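Enquirer: My structure is stored as input.txt, with compact mmCIF, C-alpha atoms.
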```
# COMPACT_ATOMS: atom_id res chain seq x y z
CA MET A 1 0.00 0.00 0.00
CA ILE A 2 1.30 3.39 -0.93
CA HIS A 3 -0.01 6.73 0.17
CA ILE A 4 1.08 9.72 -1.89
CA LYS A 5 0.98 13.32 -0.68
CA ARG A 6 1.78 16.36 -2.76
CA LEU A 7 2.68 19.85 -1.69
CA GLN A 8 4.34 22.80 -3.36
CA GLU A 9 7.41 24.53 -1.97
CA ASP A 10 9.51 27.29 -3.58
CA GLY A 11 8.07 26.58 -7.02
CA ALA A 12 8.82 22.86 -6.79
CA ASP A 13 6.27 20.08 -6.54
CA VAL A 14 7.09 17.81 -3.61
CA ILE A 15 5.73 14.28 -3.95
CA ALA A 16 5.91 12.37 -0.66
CA LEU A 17 5.74 8.58 -0.82
CA VAL A 18 4.47 6.83 2.29
CA GLY A 19 4.49 3.03 2.52
CA GLU A 20 5.46 0.38 -0.02
CA ILE A 21 5.55 0.48 -3.81
CA ASP A 22 5.24 -2.83 -5.67
CA ALA A 23 3.60 -4.18 -8.84
CA SER A 24 0.13 -3.50 -7.41
CA SER A 25 0.80 0.12 -6.46
CA SER A 26 3.41 1.44 -8.91
CA ILE A 27 0.60 2.84 -11.07
CA GLU A 28 -0.13 5.37 -8.32
CA LEU A 29 3.44 6.65 -8.43
CA ASP A 30 3.16 6.91 -12.20
CA LEU A 31 -0.10 8.87 -11.94
CA ALA A 32 1.31 11.25 -9.33
CA ILE A 33 4.35 12.09 -11.46
CA ALA A 34 2.19 12.42 -14.59
CA LYS A 35 -0.12 14.77 -12.73
CA SER A 36 2.76 16.94 -11.59
CA VAL A 37 4.08 17.13 -15.15
CA GLY A 38 0.57 17.80 -16.45
CA GLU A 39 0.24 20.74 -14.09
CA GLY A 40 3.37 22.22 -15.58
CA PHE A 41 5.92 21.72 -12.81
CA SER A 42 9.51 21.70 -14.04
CA LYS A 43 10.99 20.97 -10.61
CA ILE A 44 9.85 17.77 -8.94
CA LEU A 45 11.17 16.61 -5.58
CA VAL A 46 10.33 13.09 -4.48
CA ASP A 47 10.35 12.67 -0.70
CA CYS A 48 11.33 9.06 0.04
CA SER A 49 11.75 9.47 3.81
CA ALA A 50 8.63 7.41 4.56
CA LEU A 51 9.11 4.99 1.67
CA GLU A 52 9.59 1.59 3.28
CA TYR A 53 10.00 -0.52 0.16
CA ILE A 54 10.20 -0.18 -3.60
CA SER A 55 10.20 -3.06 -6.09
CA SER A 56 11.43 -3.02 -9.67
CA ALA A 57 7.95 -1.95 -10.78
CA GLY A 58 8.45 1.31 -8.89
CA LEU A 59 12.02 1.74 -10.10
CA GLY A 60 10.71 1.26 -13.63
CA VAL A 61 8.37 4.22 -13.23
CA PHE A 62 11.28 6.54 -12.39
CA MET A 63 13.31 5.10 -15.27
CA SER A 64 10.48 5.63 -17.72
CA TYR A 65 10.54 9.40 -17.18
CA ILE A 66 14.29 9.95 -17.57
CA GLU A 67 14.26 10.66 -21.34
CA GLU A 68 11.04 12.65 -21.32
CA PHE A 69 12.34 14.85 -18.52
CA LYS A 70 15.60 15.44 -20.39
CA ASP A 71 13.69 16.45 -23.53
CA ARG A 72 11.30 18.72 -21.66
CA ASN A 73 13.87 20.15 -19.25
CA ILE A 74 12.03 18.86 -16.21
CA LYS A 75 14.22 18.29 -13.17
CA MET A 76 13.49 15.55 -10.69
CA VAL A 77 15.43 14.89 -7.49
CA LEU A 78 14.72 12.10 -5.00
CA PHE A 79 15.68 12.48 -1.35
CA GLY A 80 15.47 11.02 2.15
CA MET A 81 15.95 7.35 1.25
CA SER A 82 16.60 4.76 3.95
CA ASP A 83 19.69 2.58 3.51
CA LYS A 84 17.58 -0.34 2.28
CA VAL A 85 15.72 1.72 -0.32
CA ALA A 86 18.97 3.41 -1.42
CA ASN A 87 20.52 -0.04 -1.85
CA THR A 88 17.66 -1.07 -4.16
CA PHE A 89 18.46 1.86 -6.44
CA SER A 90 22.19 1.14 -6.39
CA ILE A 91 21.92 -2.61 -7.15
CA LEU A 92 20.78 -1.60 -10.62
CA GLY A 93 23.00 1.46 -10.88
CA LEU A 94 19.98 3.77 -10.94
CA ASN A 95 21.75 6.08 -8.50
CA GLU A 96 23.92 6.99 -11.51
CA LEU A 97 20.95 7.81 -13.73
CA LEU A 98 18.72 9.65 -11.29
CA HIS A 99 19.46 12.66 -9.09
CA ILE A 100 19.41 11.69 -5.44
CA GLY A 101 19.92 14.02 -2.48
CA LYS A 102 20.38 13.26 1.20
CA ASP A 103 17.57 15.48 2.50
CA LYS A 104 15.15 18.13 1.29
CA VAL A 105 17.65 20.97 1.68
CA GLN A 106 20.19 19.18 -0.47
CA ALA A 107 17.50 18.13 -2.95
CA LYS A 108 16.47 21.78 -3.43
CA GLN A 109 20.09 22.73 -3.98
CA ILE A 110 20.52 20.01 -6.59
CA VAL A 111 17.29 20.86 -8.42
CA ASN A 112 18.29 24.52 -8.64
CA GLU A 113 21.74 23.70 -9.97
CA LEU A 114 20.56 21.27 -12.68
CA MET B 1 14.35 -25.36 8.54
CA ASN B 2 11.58 -25.12 5.96
CA TYR B 3 8.91 -22.44 5.63
CA LYS B 4 5.92 -22.81 3.32
CA PHE B 5 3.46 -20.26 2.04
CA LYS B 6 0.60 -20.87 -0.38
CA VAL B 7 -0.96 -17.89 -2.06
CA GLY B 8 -3.34 -16.91 -4.86
CA CYS B 9 -2.04 -15.13 -7.95
CA SER B 10 -3.38 -11.67 -7.19
CA ILE B 11 -0.71 -8.97 -7.08
CA GLU B 12 -2.54 -7.59 -4.05
CA ASN B 13 -1.00 -10.59 -2.22
CA LEU B 14 2.60 -9.48 -2.82
CA LYS B 15 2.68 -7.64 0.49
CA GLY B 16 1.78 -10.87 2.30
CA VAL B 17 4.49 -12.73 0.37
CA ARG B 18 7.09 -10.15 1.45
CA ASP B 19 5.96 -10.36 5.08
CA PHE B 20 6.27 -14.17 4.93
CA ILE B 21 9.84 -13.95 3.55
CA ARG B 22 10.92 -11.39 6.15
CA SER B 23 9.47 -13.34 9.06
CA SER B 24 10.95 -16.63 7.81
CA LEU B 25 14.46 -15.18 7.59
CA LYS B 26 14.49 -12.82 10.53
CA ASN B 27 15.67 -15.20 13.28
CA HIS B 28 18.50 -16.78 11.33
CA ASN B 29 21.23 -14.18 11.86
CA ILE B 30 21.11 -12.87 8.32
CA SER B 31 21.76 -9.16 7.86
CA GLU B 32 18.82 -6.81 7.28
CA LEU B 33 20.36 -5.68 4.02
CA GLU B 34 20.68 -9.21 2.66
CA ILE B 35 17.11 -9.98 3.71
CA SER B 36 15.90 -6.86 1.92
CA GLU B 37 17.68 -7.92 -1.28
CA ILE B 38 16.16 -11.41 -1.10
CA VAL B 39 12.70 -9.91 -0.56
CA LEU B 40 13.22 -7.74 -3.62
CA ALA B 41 14.28 -10.65 -5.85
CA LEU B 42 11.47 -12.94 -4.69
CA ASP B 43 8.87 -10.18 -4.99
CA GLU B 44 9.96 -9.87 -8.59
CA MET B 45 9.81 -13.63 -9.23
CA CYS B 46 6.37 -13.92 -7.60
CA SER B 47 4.90 -10.94 -9.45
CA ASN B 48 6.25 -12.35 -12.73
CA LEU B 49 4.61 -15.66 -11.97
CA MET B 50 1.30 -14.06 -11.01
CA ILE B 51 1.17 -11.75 -14.02
CA HIS B 52 2.76 -13.76 -16.84
CA ALA B 53 1.94 -17.36 -15.95
CA HIS B 54 -1.43 -16.87 -14.23
CA GLN B 55 -2.80 -13.56 -15.58
CA CYS B 56 -3.36 -12.44 -11.96
CA ASN B 57 -6.08 -15.06 -11.41
CA PRO B 58 -6.62 -15.09 -7.63
CA ASP B 59 -7.96 -18.67 -7.80
CA ASP B 60 -4.64 -20.00 -9.14
CA LEU B 61 -2.37 -20.87 -6.25
CA PHE B 62 1.36 -21.22 -6.04
CA GLU B 63 3.66 -22.24 -3.26
CA LEU B 64 6.82 -20.61 -1.95
CA ILE B 65 9.16 -22.77 0.09
CA ILE B 66 12.14 -21.30 1.90
CA SER B 67 14.87 -23.62 3.19
CA VAL B 68 17.31 -22.22 5.71
CA GLU B 69 20.23 -24.19 7.04
CA LYS B 70 23.04 -22.47 8.89
CA ASN B 71 26.23 -22.02 6.86
CA HIS B 72 24.56 -23.29 3.71
CA PRO B 73 23.17 -21.32 0.79
CA LEU B 74 19.50 -20.39 1.13
CA VAL B 75 17.15 -22.21 -1.24
CA PHE B 76 13.85 -20.75 -2.44
CA GLU B 77 11.35 -22.77 -4.44
CA LEU B 78 8.38 -21.43 -6.36
CA ILE B 79 5.98 -24.21 -7.28
CA ASP B 80 3.02 -23.81 -9.61
CA ASP B 81 1.27 -25.46 -12.55
CA GLY B 82 1.12 -22.60 -15.04
CA THR B 83 3.16 -21.88 -18.15
CA VAL B 84 6.84 -21.60 -17.39
CA PHE B 85 8.26 -18.11 -17.55
CA ASP B 86 11.98 -18.87 -17.61
CA ILE B 87 13.91 -15.69 -16.97
CA ASN B 88 17.12 -17.41 -18.08
CA GLU B 89 15.70 -17.30 -21.61
CA PHE B 90 15.52 -13.54 -21.51
CA ASN B 91 18.59 -11.51 -22.21
CA THR B 92 19.31 -9.02 -19.52
CA PRO B 93 18.56 -5.70 -21.20
CA ALA B 94 21.19 -2.98 -20.96
CA LEU B 95 20.25 -0.16 -18.62
CA ASP B 96 20.45 2.55 -21.30
CA ASN B 97 18.11 0.49 -23.52
CA ILE B 98 15.59 0.35 -20.71
CA VAL B 99 15.80 4.13 -20.35
CA HIS B 100 15.62 4.71 -24.08
CA GLU B 101 12.67 2.41 -24.73
CA LYS B 102 10.89 3.62 -21.58
CA ARG B 103 10.48 -0.01 -20.60
CA LYS B 104 8.94 -0.42 -17.23
CA GLY B 105 9.77 -4.12 -17.24
CA GLY B 106 13.19 -5.57 -17.85
CA LEU B 107 14.62 -4.09 -14.71
CA GLY B 108 13.29 -6.95 -12.64
CA ILE B 109 15.24 -9.57 -14.56
CA ARG B 110 18.45 -7.60 -14.01
CA LEU B 111 17.60 -7.33 -10.34
CA VAL B 112 16.94 -11.05 -9.78
CA LYS B 113 20.05 -12.08 -11.69
CA SER B 114 22.25 -9.69 -9.74
CA ILE B 115 20.88 -10.79 -6.35
CA MET B 116 20.52 -14.56 -6.74
CA ASP B 117 23.46 -16.92 -7.40
CA LYS B 118 21.49 -19.49 -9.36
CA ILE B 119 18.04 -19.76 -10.95
CA GLU B 120 16.95 -23.14 -12.31
CA TYR B 121 13.69 -24.61 -13.54
CA GLN B 122 12.44 -28.16 -13.28
CA LYS B 123 9.19 -29.82 -14.33
CA THR B 124 7.89 -32.81 -12.37
CA GLY B 125 4.46 -34.38 -12.59
CA GLY B 126 2.81 -31.36 -14.21
CA ARG B 127 4.28 -28.99 -11.64
CA ASN B 128 6.92 -26.39 -12.27
CA ILE B 129 9.58 -25.80 -9.71
CA CYS B 130 11.68 -22.68 -9.97
CA ARG B 131 14.61 -22.96 -7.59
CA LEU B 132 16.67 -19.93 -6.60
CA VAL B 133 19.86 -20.23 -4.61
CA LYS B 134 21.55 -17.48 -2.63
CA THR B 135 24.69 -17.65 -0.52
CA VAL B 136 24.38 -15.36 2.47
CA HIS B 137 26.71 -14.32 5.23
CA PHE B 138 25.44 -15.68 8.55
CA ILE B 139 26.35 -13.17 11.27
```
As structure tokens - that is how I would like this structure written.

Expert:
Amino acid sequence: MIHIKRLQEDGADVIALVGEIDASSSIELDLAIAKSVGEGFSKILVDCSALEYISSAGLGVFMSYIEEFKDRNIKMVLFGMSDKVANTFSILGLNELLHIGKDKVQAKQIVNEL
Amino acid sequence: MNYKFKVGCSIENLKGVRDFIRSSLKNHNISELEISEIVLALDEMCSNLMIHAHQCNPDDLFELIISVEKNHPLVFELIDDGTVFDINEFNTPALDNIVHEKRKGGLGIRLVKSIMDKIEYQKTGGRNICRLVKTVHFI
């Protein structure tokens, strides 16, 4: 079960993920990101501090936006991952393809420098 | 020690599968990080089985057996009677291809192959057994 909260801060859309993302819930992550893009946000911060688990289905959602975001100059930074969640991203080398910050302050810095 | 779990092929049941794996492994002095990787790989294998071999039919059941013996590799068996979805037959797609083709799948196969040491399939008496082996460090 995943619960997704959105709030806007300093012109960025902050998407907070609470719970677990797997094959049954990855669609909700996809919809939340699509909605943010649809509303015209060019800075998206994904708060992973309450994300307990993410399966490859969830990782695939982030991957699927990489090219589109490059083409449309949309910047996305993930932050606040636990060690276990961070490890999931690094097993596949996704930490090299996505922008990941330690906390929200660092994520804002990264998104403004991209 | 053996742990068995029988579950219907609805992806809503994946959470229960993960809980079963965590609780089976938690008192065997295996690190949290290794357990989390195993959960990830088995979640992937189970969701593949549910989606590709059983079209998410909740009435189709499969069995997950976990064998834990100290200082031996862990053995996981997925037993069902559907069509075999052998991930060894799929080439592991390159990461930049996955990005380029916006493939939401493909990642899972990479994940399972990088976490597990061995993945083998066997058919006996109309039942498919997918056996995954993983050497862990017992603390």

Enquirer: What's the separation between atom CA of A:Thr88 and atom CA of A:Ser36, in Å to one decimal place?

Expert: 24.5 Å

Enquirer: Residues of chain B were defined as contacting chain A if any atom lay at most 10 Å from it, counting only C-alpha atoms; please report them as a PyMOL selection string.

Expert: chain B and resi 10-15+32-37+39-41+43-44+47-48+51+95-96+98-112+114-115

Enquirer: Check the smallest atom-to-atom distance from each of A:Glu52, A:Asp10, A:Asp71, A:Glu28 to A:Asn112 using all atoms listed in the file, then report the winner.

Expert: A:Asp10

Enquirer: To one decimal place in Å, what is the distance between atom CA of B:His54 and atom CA of B:Asp86?

Expert: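 Atom-to-atom, atom CA of B:His54 to atom CA of B:Asp86, that is 14.0 Å.
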
Enquirer: Excluding same-chain residues fewer than 2 positions from B:Leu49, what lies within 12 Å of it counting all atoms listed in the file, as a ChimeraX atom specification?

Expert: /A:23 /B:7-11,14,42-47,51-57,60-64,78-87,128-130

Enquirer: For a quick check of understanding, using all atoms listed in the file, which of A:Leu29, A:Leu78, A:Val37, A:Val111 has the smallest distance to A:Ile2?

Expert: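 Going through A:Leu29, A:Leu78, A:Val37, A:Val111 one by one, the smallest distance to A:Ile2 is for A:Leu29.
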
Enquirer: Expressed in Å to a single decimal, how great is the separation between atom CA of A:His99 and atom CA of A:Ala16?

Expert: 16.0 Å

Enquirer: Residues within 10 Å of A:Val46, please, as a list in words. Count all atoms listed in the file; anything in the same chain fewer than 4 positions from it doesn't count.

Expert: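 Selected residues are Arg6, Asp13, Val14, Ile15, Ala16, Leu17, Ile33, Met76, Val77, Leu78, Phe79, Gly80, Met81, Ile100, Gly101, Lys104 and Ala107 of chain A.
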
Enquirer: Neighbouring residues of B:Lys118 were defined as those with any atom within 8 Å, considering all atoms listed in the file; residues of the same chain fewer than 6 positions away were excluded. Please report them as a list in words.

Expert: Arg131, Leu132, Val133 and Lys134 of chain B

Enquirer: Could you list, as an mmCIF file with C-alpha atoms, keeping the file's coordinate frame, every residue within 12 Å of stretch 25-30 of chain B, counting all atoms listed in the file and ignoring same-chain residues fewer than 6 positions away?

Expert:
```cif
data_model
loop_
_atom_site.group_PDB
_atom_site.id
_atom_site.type_symbol
_atom_site.label_atom_id
_atom_site.label_comp_id
_atom_site.auth_asym_id
_atom_site.auth_seq_id
_atom_site.Cartn_x
_atom_site.Cartn_y
_atom_site.Cartn_z
ATOM 1 C CA MET B 1 14.350 -25.360 8.540
ATOM 2 C CA ASN B 2 11.580 -25.120 5.960
ATOM 3 C CA TYR B 3 8.910 -22.440 5.630
ATOM 4 C CA ARG B 18 7.090 -10.150 1.450
ATOM 5 C CA ASP B 19 5.960 -10.360 5.080
ATOM 6 C CA SER B 36 15.900 -6.860 1.920
ATOM 7 C CA GLU B 37 17.680 -7.920 -1.280
ATOM 8 C CA ILE B 38 16.160 -11.410 -1.100
ATOM 9 C CA VAL B 39 12.700 -9.910 -0.560
ATOM 10 C CA ILE B 65 9.160 -22.770 0.090
ATOM 11 C CA ILE B 66 12.140 -21.300 1.900
ATOM 12 C CA SER B 67 14.870 -23.620 3.190
ATOM 13 C CA VAL B 68 17.310 -22.220 5.710
ATOM 14 C CA GLU B 69 20.230 -24.190 7.040
ATOM 15 C CA LYS B 70 23.040 -22.470 8.890
ATOM 16 C CA ASN B 71 26.230 -22.020 6.860
ATOM 17 C CA HIS B 72 24.560 -23.290 3.710
ATOM 18 C CA PRO B 73 23.170 -21.320 0.790
ATOM 19 C CA LEU B 74 19.500 -20.390 1.130
ATOM 20 C CA VAL B 75 17.150 -22.210 -1.240
ATOM 21 C CA PHE B 76 13.850 -20.750 -2.440
ATOM 22 C CA LYS B 134 21.550 -17.480 -2.630
ATOM 23 C CA THR B 135 24.690 -17.650 -0.520
ATOM 24 C CA VAL B 136 24.380 -15.360 2.470
ATOM 25 C CA HIS B 137 26.710 -14.320 5.230
ATOM 26 C CA PHE B 138 25.440 -15.680 8.550
ATOM 27 C CA ILE B 139 26.350 -13.170 11.270
#
```
